[in-house]
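For reference, final.pdb (PDB, C-alpha atoms and all ligand atoms):
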```
ATOM      1  CA  MET A 166      11.643 -89.022  -2.866
ATOM      2  CA  ILE A 167      14.332 -89.314  -0.181
ATOM      3  CA  ASN A 168      17.205 -91.576  -1.256
ATOM      4  CA  GLU A 169      19.177 -91.685   1.998
ATOM      5  CA  GLU A 170      18.519 -91.019   5.673
ATOM      6  CA  VAL A 171      21.720 -90.182   7.535
ATOM      7  CA  PRO A 172      22.106 -90.080  11.350
ATOM      8  CA  VAL A 173      23.412 -86.683  12.440
ATOM      9  CA  ASN A 174      27.127 -86.645  13.353
ATOM     10  CA  ASN A 175      27.576 -90.217  12.147
ATOM     11  CA  ILE A 176      30.965 -90.717  10.510
ATOM     12  CA  GLU A 177      30.229 -92.649   7.343
ATOM     13  CA  ILE A 178      32.066 -94.081   4.371
ATOM     14  CA  TRP A 179      30.154 -93.630   1.151
ATOM     15  CA  GLU A 180      30.996 -95.537  -2.011
ATOM     16  CA  ILE A 181      29.881 -94.025  -5.287
ATOM     17  CA  THR A 182      30.083 -95.574  -8.731
ATOM     18  CA  ASN A 183      30.001 -94.117 -12.204
ATOM     19  CA  ASN A 184      28.969 -97.060 -14.383
ATOM     20  CA  MET A 185      28.638 -94.961 -17.516
ATOM     21  CA  MET A 186      31.143 -94.361 -20.338
ATOM     22  CA  ILE A 187      31.270 -90.606 -19.707
ATOM     23  CA  PRO A 188      32.734 -88.734 -16.716
ATOM     24  CA  HIS A 189      30.677 -87.106 -13.985
ATOM     25  CA  ASN A 190      31.435 -84.719 -11.140
ATOM     26  CA  PHE A 191      29.802 -85.868  -7.906
ATOM     27  CA  HIS A 192      28.742 -82.916  -5.743
ATOM     28  CA  ILE A 193      27.086 -82.947  -2.327
ATOM     29  CA  HIS A 194      25.290 -80.187  -0.409
ATOM     30  CA  GLY A 195      25.289 -79.461   3.298
ATOM     31  CA  THR A 196      28.607 -81.110   4.108
ATOM     32  CA  HIS A 197      32.021 -81.959   2.704
ATOM     33  CA  PHE A 198      34.031 -85.162   2.568
ATOM     34  CA  ILE A 199      37.554 -86.536   2.510
ATOM     35  CA  PRO A 200      38.286 -88.834  -0.479
ATOM     36  CA  LEU A 201      39.685 -92.225   0.538
ATOM     37  CA  ASP A 202      40.365 -93.982  -2.749
ATOM     38  CA  ARG A 203      39.370 -94.349  -6.381
ATOM     39  CA  ASN A 204      39.034 -97.786  -7.953
ATOM     40  CA  GLY A 205      40.323 -99.320  -4.750
ATOM     41  CA  SER A 206      43.585 -97.390  -4.415
ATOM     42  CA  THR A 207      44.720 -94.100  -2.923
ATOM     43  CA  ASN A 208      47.218 -93.969  -5.812
ATOM     44  CA  ASN A 209      44.291 -93.191  -8.103
ATOM     45  CA  LEU A 210      43.560 -89.974  -6.220
ATOM     46  CA  GLU A 211      45.212 -86.811  -7.473
ATOM     47  CA  ALA A 212      47.395 -84.842  -5.054
ATOM     48  CA  TRP A 213      44.694 -82.191  -4.666
ATOM     49  CA  GLU A 214      42.140 -84.850  -3.702
ATOM     50  CA  ARG A 215      44.119 -86.294  -0.786
ATOM     51  CA  ASN A 216      43.890 -85.401   2.893
ATOM     52  CA  CYS A 217      41.543 -82.499   2.322
ATOM     53  CA  TYR A 218      37.868 -81.672   2.381
ATOM     54  CA  LYS A 219      36.048 -81.642  -0.935
ATOM     55  CA  ASP A 220      32.478 -81.131  -2.017
ATOM     56  CA  VAL A 221      33.043 -82.256  -5.606
ATOM     57  CA  LEU A 222      34.779 -85.406  -6.792
ATOM     58  CA  TYR A 223      35.662 -86.157 -10.399
ATOM     59  CA  MET A 224      34.358 -89.576 -11.406
ATOM     60  CA  PRO A 225      35.987 -90.972 -14.558
ATOM     61  CA  PRO A 226      33.973 -93.419 -16.682
ATOM     62  CA  GLN A 227      33.558 -96.851 -15.081
ATOM     63  CA  SER A 228      34.985 -95.754 -11.732
ATOM     64  CA  THR A 229      34.212 -96.245  -8.060
ATOM     65  CA  ALA A 230      35.335 -93.968  -5.262
ATOM     66  CA  ARG A 231      35.011 -93.941  -1.502
ATOM     67  CA  PHE A 232      35.012 -90.985   0.838
ATOM     68  CA  VAL A 233      34.499 -90.385   4.543
ATOM     69  CA  VAL A 234      31.775 -87.924   5.437
ATOM     70  CA  GLN A 235      30.048 -86.553   8.518
ATOM     71  CA  MET A 236      26.711 -84.715   8.377
ATOM     72  CA  THR A 237      26.623 -82.277  11.281
ATOM     73  CA  ASP A 238      23.457 -80.328  10.478
ATOM     74  CA  TYR A 239      19.923 -81.636  10.720
ATOM     75  CA  THR A 240      17.595 -81.361   7.798
ATOM     76  CA  ASP A 241      14.152 -82.721   7.077
ATOM     77  CA  THR A 242      11.932 -83.956   4.287
ATOM     78  CA  VAL A 243      10.687 -80.406   3.588
ATOM     79  CA  TYR A 244      14.204 -79.098   2.943
ATOM     80  CA  PRO A 245      16.421 -82.139   2.293
ATOM     81  CA  TYR A 246      20.016 -81.890   1.151
ATOM     82  CA  MET A 247      20.973 -83.181  -2.253
ATOM     83  CA  TYR A 248      23.794 -84.734  -4.149
ATOM     84  CA  HIS A 249      24.045 -84.502  -7.890
ATOM     85  CA  CYS A 250      26.285 -84.428 -10.909
ATOM     86  CA  HIS A 251      27.858 -80.993 -11.223
ATOM     87  CA  ILE A 252      27.608 -81.026 -15.017
ATOM     88  CA  LEU A 253      24.601 -78.798 -15.584
ATOM     89  CA  GLU A 254      23.115 -80.839 -18.425
ATOM     90  CA  HIS A 255      23.265 -84.009 -16.317
ATOM     91  CA  GLU A 256      21.821 -82.278 -13.265
ATOM     92  CA  ASP A 257      18.993 -80.839 -15.361
ATOM     93  CA  ALA A 258      18.348 -84.324 -16.729
ATOM     94  CA  GLY A 259      17.755 -85.594 -13.196
ATOM     95  CA  MET A 260      21.100 -87.025 -12.106
ATOM     96  CA  MET A 261      20.587 -86.240  -8.434
ATOM     97  CA  GLY A 262      19.383 -87.638  -5.146
ATOM     98  CA  GLN A 263      18.096 -86.245  -1.879
ATOM     99  CA  PHE A 264      18.960 -87.080   1.714
ATOM    100  CA  THR A 265      17.826 -86.144   5.183
ATOM    101  CA  VAL A 266      19.934 -85.871   8.336
ATOM    102  CA  VAL A 267      18.037 -87.074  11.386
TER     103      VAL A 267
HETATM  104 CU    CU B   1      27.309 -86.077 -15.004
END
```
What does the file become when written as structure tokens?
Ligand SMILES: [Cu+2]
Amino acid sequence: MINEEVPVNNIEIWEITNNMMIPHNFHIHGTHFIPLDRNGSTNNLEAWERNCYKDVLYMPPQSTARFVVQMTDYTDTVYPYMYHCHILEHEDAGMMGQFTVV
């Protein structure tokens, strides 16, 4: 199953939400992103999360974050990229999605 189809080189803002009562670490493959805010404010980003490229973002319980991202490499449905929680037990339990760049 492909969760997202992203136009190549498009500059996008993604919003991700952790609606659970435990933290997660959002991780994306094939690109990196610049965090914009957490829970609606840049003040909720740590110093090491600002103005830099990341491929993992800590998501506290009940939090929402936005980041700007650009996918510069094509991929397809045979070898899609993925995003997932970087906590191994969560990843193994299926907390992940797949996306293509077209
Ligand atoms: Cu997790």
With the cut-off set at 12 Å and counting only C-alpha atoms and all ligand atoms, tabulate each residue of chain A with an atom at most that distance from an atom of ligand CU 1 (chain B), showing the nearest atom pair and its distance in Å to one decimal, ordered by chain and increasing number, as a tab-separated table.
```
residue	atom	partner	partner_atom	distance
A:Thr182	CA	B:CU1	CU	11.7
A:Asn183	CA	B:CU1	CU	8.9
A:Asn184	CA	B:CU1	CU	11.1
A:Met185	CA	B:CU1	CU	9.3
A:Met186	CA	B:CU1	CU	10.6
A:Ile187	CA	B:CU1	CU	7.6
A:Pro188	CA	B:CU1	CU	6.3
A:His189	CA	B:CU1	CU	3.7
A:Asn190	CA	B:CU1	CU	5.8
A:Phe191	CA	B:CU1	CU	7.5
A:His192	CA	B:CU1	CU	9.9
A:Val221	CA	B:CU1	CU	11.7
A:Leu222	CA	B:CU1	CU	11.1
A:Tyr223	CA	B:CU1	CU	9.5
A:Met224	CA	B:CU1	CU	8.7
A:Pro225	CA	B:CU1	CU	10.0
A:Pro226	CA	B:CU1	CU	10.1
A:Tyr248	CA	B:CU1	CU	11.5
A:His249	CA	B:CU1	CU	8.0
A:Cys250	CA	B:CU1	CU	4.5
A:His251	CA	B:CU1	CU	6.4
A:Ile252	CA	B:CU1	CU	5.1
A:Leu253	CA	B:CU1	CU	7.8
A:Glu254	CA	B:CU1	CU	7.5
A:His255	CA	B:CU1	CU	4.7
A:Glu256	CA	B:CU1	CU	6.9
A:Asp257	CA	B:CU1	CU	9.8
A:Ala258	CA	B:CU1	CU	9.3
A:Gly259	CA	B:CU1	CU	9.7
A:Met260	CA	B:CU1	CU	6.9
A:Met261	CA	B:CU1	CU	9.4
```
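Considering all atoms listed in the file, the residue among A:Val266, A:Cys217, A:Leu201, A:Ile167 positioned nearest to Gln235 of chain A is A:Val266.
Using all atoms listed in the file, the protein and nucleic acid residues lying at most 7 Å from the point (36.8, -83.9, 4.4) are His197, Phe198, Ile199, Cys217, Tyr218, Lys219, Val233 and Val234 of chain A.
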Output file for the selection above: C-alpha atoms, as a CSV table (one decimal), in the coordinates of the input:
```csv
chain,number,residue,atom,x,y,z
A,197,HIS,CA,32.0,-82.0,2.7
A,198,PHE,CA,34.0,-85.2,2.6
A,199,ILE,CA,37.6,-86.5,2.5
A,217,CYS,CA,41.5,-82.5,2.3
A,218,TYR,CA,37.9,-81.7,2.4
A,219,LYS,CA,36.0,-81.6,-0.9
A,233,VAL,CA,34.5,-90.4,4.5
A,234,VAL,CA,31.8,-87.9,5.4
```
query = From the set A:Ile193, A:Val171, A:Ile176, A:Ala212, which residue has the shortest atom-to-atom contact distance to Met247 of chain A, counting all atoms listed in the file?
reply = A:Ile193
For segment 166-182 of chain A, take all atoms listed in the file, fit an axis-aligned box around them, add 6 Å to each of the six sides, then output centre and edge lengths in Å rounded to one decimal, as JSON.
```
{"center_x": 21.9, "center_y": -91.1, "center_z": 2.3, "size_x": 32.4, "size_y": 20.9, "size_z": 34.1}
```
ask   = atom CA of Val267 of chain A and atom CA of Met166 of chain A, how far apart in Å?
value = 15.7 Å
ask   = Can you list, as a list in words, the residues that the PyMOL selection byres (((chain A and resi 242) around 10) and not hetatm) selects here?
value =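 Output of the PyMOL selection byres (((chain A and resi 242) around 10) and not hetatm): Met166, Ile167, Glu170, Thr240, Asp241, Val243, Tyr244, Pro245, Tyr246, Gln263, Phe264, Thr265, Val266 and Val267 of chain A.
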message = Which residues are near Ser206 of chain A? Cut-off 12 Å, only C-alpha atoms, ignore same chain within fewer than 5 positions. Put them as an MDAnalysis selection string.
response = chainID A and resid 200:201 211 215 228:232
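Distance check against Glu180 of chain A using all atoms listed in the file: of A:Tyr239, A:Gly195, A:Asp202, A:Asn168, the minimum falls on A:Asp202.
Atom CA of Thr237 of chain A sits 28.4 Å away from atom CA of Asn209 of chain A.
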inquiry  = Can you measure atom CA of Asn175 of chain A to atom CA of Gly262 of chain A for me? One decimal in Å is fine.
reply    =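 Calculated distance between atom CA of Asn175 of chain A and atom CA of Gly262 of chain A is 19.3 Å.
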query = For His194 of chain A, which of A:Gln227, A:Trp179, A:Asp238, A:Asp220 is the closest residue, counting all atoms listed in the file?
reply = A:Asp220
Slice of the block: segment 242-253 of chain A, all heavy atoms, as a short mmCIF file (atom, residue, chain, number, x, y, z; two decimals), in the first residue's frame:
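Contents of out-v8.cif, freshly written:
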```cif
data_model
loop_
_atom_site.label_atom_id
_atom_site.label_comp_id
_atom_site.auth_asym_id
_atom_site.auth_seq_id
_atom_site.Cartn_x
_atom_site.Cartn_y
_atom_site.Cartn_z
N THR A 242 6.68 2.23 -7.22
CA THR A 242 5.90 1.35 -6.34
C THR A 242 6.63 0.05 -6.04
O THR A 242 6.27 -0.65 -5.10
CB THR A 242 4.54 1.03 -6.96
OG1 THR A 242 4.75 0.50 -8.27
CG2 THR A 242 3.68 2.28 -7.05
N VAL A 243 7.67 -0.27 -6.86
CA VAL A 243 8.44 -1.50 -6.58
C VAL A 243 9.40 -1.25 -5.41
O VAL A 243 9.56 -2.10 -4.54
CB VAL A 243 9.22 -1.94 -7.83
CG1 VAL A 243 10.07 -3.18 -7.51
CG2 VAL A 243 8.25 -2.23 -8.98
N TYR A 244 10.01 -0.04 -5.41
CA TYR A 244 10.95 0.30 -4.34
C TYR A 244 10.56 1.66 -3.73
O TYR A 244 11.29 2.65 -3.89
CB TYR A 244 12.38 0.36 -4.88
CG TYR A 244 12.84 -0.93 -5.48
CD1 TYR A 244 12.94 -1.08 -6.87
CD2 TYR A 244 13.19 -2.02 -4.68
CE1 TYR A 244 13.37 -2.27 -7.44
CE2 TYR A 244 13.62 -3.21 -5.23
CZ TYR A 244 13.71 -3.33 -6.61
OH TYR A 244 14.13 -4.51 -7.16
N PRO A 245 9.44 1.75 -3.07
CA PRO A 245 9.02 3.03 -2.49
C PRO A 245 9.91 3.40 -1.31
O PRO A 245 10.60 2.56 -0.73
CB PRO A 245 7.59 2.75 -2.03
CG PRO A 245 7.56 1.29 -1.77
CD PRO A 245 8.50 0.67 -2.76
N TYR A 246 9.89 4.68 -0.96
CA TYR A 246 10.52 5.12 0.28
C TYR A 246 9.55 4.90 1.43
O TYR A 246 8.37 4.66 1.22
CB TYR A 246 10.87 6.61 0.20
CG TYR A 246 11.99 6.94 -0.76
CD1 TYR A 246 11.88 8.02 -1.63
CD2 TYR A 246 13.17 6.20 -0.79
CE1 TYR A 246 12.90 8.35 -2.50
CE2 TYR A 246 14.19 6.52 -1.65
CZ TYR A 246 14.05 7.60 -2.51
OH TYR A 246 15.06 7.93 -3.36
N MET A 247 10.05 5.02 2.63
CA MET A 247 9.17 4.82 3.78
C MET A 247 9.43 5.86 4.85
O MET A 247 10.47 6.50 4.87
CB MET A 247 9.35 3.42 4.37
CG MET A 247 10.73 3.14 4.90
SD MET A 247 10.82 1.58 5.81
CE MET A 247 10.36 0.42 4.55
N TYR A 248 8.44 6.01 5.67
CA TYR A 248 8.61 6.76 6.92
C TYR A 248 8.08 5.88 8.02
O TYR A 248 7.18 5.05 7.80
CB TYR A 248 7.88 8.11 6.87
CG TYR A 248 6.44 8.07 6.45
CD1 TYR A 248 5.43 7.81 7.38
CD2 TYR A 248 6.08 8.28 5.12
CE1 TYR A 248 4.10 7.77 6.99
CE2 TYR A 248 4.76 8.24 4.72
CZ TYR A 248 3.77 7.98 5.66
OH TYR A 248 2.46 7.93 5.27
N HIS A 249 8.67 5.99 9.19
CA HIS A 249 8.26 5.09 10.26
C HIS A 249 8.73 5.62 11.60
O HIS A 249 9.57 6.53 11.67
CB HIS A 249 8.82 3.68 10.02
CG HIS A 249 10.32 3.59 9.96
ND1 HIS A 249 11.08 3.46 11.08
CD2 HIS A 249 11.17 3.65 8.91
CE1 HIS A 249 12.37 3.41 10.72
NE2 HIS A 249 12.45 3.54 9.41
N CYS A 250 8.21 5.04 12.66
CA CYS A 250 8.72 5.34 13.99
C CYS A 250 10.09 4.68 14.13
O CYS A 250 10.27 3.52 13.73
CB CYS A 250 7.78 4.83 15.08
SG CYS A 250 8.40 5.24 16.73
N HIS A 251 11.04 5.40 14.71
CA HIS A 251 12.39 4.87 14.84
C HIS A 251 12.58 4.03 16.10
O HIS A 251 13.68 3.59 16.41
CB HIS A 251 13.42 6.00 14.78
CG HIS A 251 14.62 5.66 13.96
ND1 HIS A 251 15.42 4.58 14.22
CD2 HIS A 251 15.13 6.24 12.85
CE1 HIS A 251 16.39 4.53 13.33
NE2 HIS A 251 16.23 5.52 12.48
N ILE A 252 11.54 3.84 16.87
CA ILE A 252 11.59 2.90 17.99
C ILE A 252 11.32 1.52 17.42
O ILE A 252 10.25 1.28 16.82
CB ILE A 252 10.57 3.28 19.07
CG1 ILE A 252 10.94 4.65 19.65
CG2 ILE A 252 10.52 2.22 20.18
CD1 ILE A 252 9.91 5.23 20.61
N LEU A 253 12.29 0.63 17.56
CA LEU A 253 12.25 -0.65 16.84
C LEU A 253 10.96 -1.43 17.12
O LEU A 253 10.37 -1.99 16.20
CB LEU A 253 13.48 -1.48 17.22
CG LEU A 253 13.67 -2.78 16.45
CD1 LEU A 253 13.76 -2.51 14.96
CD2 LEU A 253 14.91 -3.52 16.94
#
```
